[in-house]
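Remarks on the structure that follows.
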Amino acid sequence: MLSEPRAGRLAAWGNALLAGHVSPDDAVLAVVGEDAVHRVEGLPGESAPVGLTLALGRLRTLGVTGLRVALPAPGHPLGLSGPPEFNARALDAEQAVVCYGAALGLVPEVYEAGPEGDVHVEVVWRVLPVREAPPADVPSLGEAERELVEALREATELLTRLDVAGSGPVAEAAIDAYRARAERGREVLAPGYPPRAVRVLELAQRVGMLIAVATERGHGGAVSSSQIFARREALRPVERTARRAQVAAYNSVVEERERGVR
């Protein structure tokens, strides 16, 4: 949860590009991030993989006006609408992007190449047909924010009882990573997103940080495998809430546009 999903970057900066807030070059640089290269395979009208710049332009010509995020987990098809093939690939990747305005979705396939110590990451976004239906279990921003406040309180209380909140070097490193990210403020989401979406995503990442702290071995009161498993099970509803909030934040500009059309 601490690391930004690639689907989140693609949707956020793709939405900024589609709305005219950023240039194609800036959008692609932000999406690729520290990866070596991103390509898109299976795009209608293209017989071979293409670069992100061409792919985003082609999606626009196909009628795409927005991009949504899906962050599914076993038993929780968050943000998905089918069909089964797309859902299965998205679940395997634990993330996907669903187009608004065309019945298409993109699932990342991540490959590592190069010798030890000089490994680089290549990403292929596979385009597949999707079912045009409301995405599963995505809350509104307001609902997500209210749920997160309660989830953060519950997670903090639980970790305090388990004697893990803020203890040990791993926990301290996780907290420092979150704080460094939060200080960058506007980098959390691309231009064009409402401040509330930024706030919700930051809070979801903070909840994710607490979950990561709780499930690391080597600090806190629980050290056995059974105790670690029990801790993860106790935090499962909190993690679910944080994922729902992430999706709500990334999808907020599309949801606002859809409500405006109606």
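Order determines the names: the first chain of the structure tokens is A, the second B, and so forth; residues in each chain are numbered 1 upward, and ligands are numbered 1 upward as they are shown.
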Residue neighbourhood segment 231-244 of chain A, 9 Å, only C-alpha atoms, exclusion window fewer than 4 positions, as a ChimeraX atom specification: /A:1,71-73,76,78-79,137-139,144,147-148,151-152,154-155,158-159,162,201,203-208,211,214-215,222,226-227,248-249
Residues at most 10 Å from Pro74 of chain A, counting only C-alpha atoms, excluding those fewer than 5 positions away in the same chain, as a short mmCIF file (atom, residue, chain, number, x, y, z; two decimals) with C-alpha atoms, in the first residue's frame?
data_model
loop_
_atom_site.label_atom_id
_atom_site.label_comp_id
_atom_site.auth_asym_id
_atom_site.auth_seq_id
_atom_site.Cartn_x
_atom_site.Cartn_y
_atom_site.Cartn_z
CA LEU A 91 -6.82 -10.13 -10.10
CA ASP A 92 -3.53 -11.82 -10.98
CA GLU A 94 -3.79 -7.00 -8.40
#
Polymer residues at most 7 Å from segment 191-198 of chain A, only C-alpha atoms, same-chain spacing of 5 or more positions, as number ranges by chain: A: 16, 21, 141, 249, 252-253
Residues of the last selection are to be written out with C-alpha atoms, as an mmCIF file, in the first residue's frame.
data_model
loop_
_atom_site.group_PDB
_atom_site.id
_atom_site.type_symbol
_atom_site.label_atom_id
_atom_site.label_comp_id
_atom_site.auth_asym_id
_atom_site.auth_seq_id
_atom_site.Cartn_x
_atom_site.Cartn_y
_atom_site.Cartn_z
ATOM 1 C CA ALA A 16 -4.652 14.807 -16.590
ATOM 2 C CA HIS A 21 -3.734 19.680 -17.827
ATOM 3 C CA LEU A 141 -14.914 10.315 -2.020
ATOM 4 C CA ALA A 249 -9.424 8.934 -5.101
ATOM 5 C CA SER A 252 -12.846 10.839 -8.599
ATOM 6 C CA VAL A 253 -12.419 13.006 -11.712
#
What separation in Å, quoted to one decimal, exists between atom CA of Gly42 of chain A and atom CA of Leu54 of chain A? 12.9 Å
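If only C-alpha atoms are the atoms counted, then among A:Val123, A:Leu62, A:Val149, A:Ala48 the closest residue to Val32 of chain A is A:Val123.
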Within segment 4-237 of chain A, find each residue whose DSSP state, derived from the backbone, is helix (DSSP H, G or I), and express the selection as an MDAnalysis selection string. chainID A and resid 6:18 24:32 52:61 84:93 141:161 168:183 185:188 195:214 225:237
One decimal, in Å: what's the spacing between atom CA of Ala12 of chain A and atom CA of Glu34 of chain A? 16.5 Å
Between atom CA of Leu52 of chain A and atom CA of Tyr111 of chain A, what is the spacing in Å? 16.6 Å
Just checking: using only C-alpha atoms, which residue out of A:Val121, A:Glu116, A:Leu17, A:Gln246 ends up closest to Val37 of chain A? A:Val121
If DSSP is run on the backbone, what residues of segment 12-249 of chain A are strand (DSSP E)? A reply as a PyMOL selection string would be ideal. chain A and resi 37-41+50-51+66-70+96-100+104-113+120-129
Can you pull out every residue within 10 Å of Val64 of chain A, counting only C-alpha atoms, but drop anything in the same chain fewer than 5 positions away, and send it as JSON, numbers by chain? {"A": [15, 18, 56, 57, 58, 59, 98, 99, 100, 101, 102, 103, 104]}
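Closest approach to Gly82 of chain A among A:Gly14, A:Pro134, A:Pro44, A:Gly63 is made by A:Pro134 (distances from only C-alpha atoms).
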When you count only C-alpha atoms, which of these residues is closest to Gly45 of chain A: A:Ala230, A:Ala27, A:Ala190, A:Val127? A:Val127
If we count only C-alpha atoms and set the cut-off at 7 Å, which residues sit around Val31 of chain A, ignoring sequence neighbours fewer than 4 positions away in its own chain? Please answer as a PyMOL selection string. chain A and resi 9-10+13+27
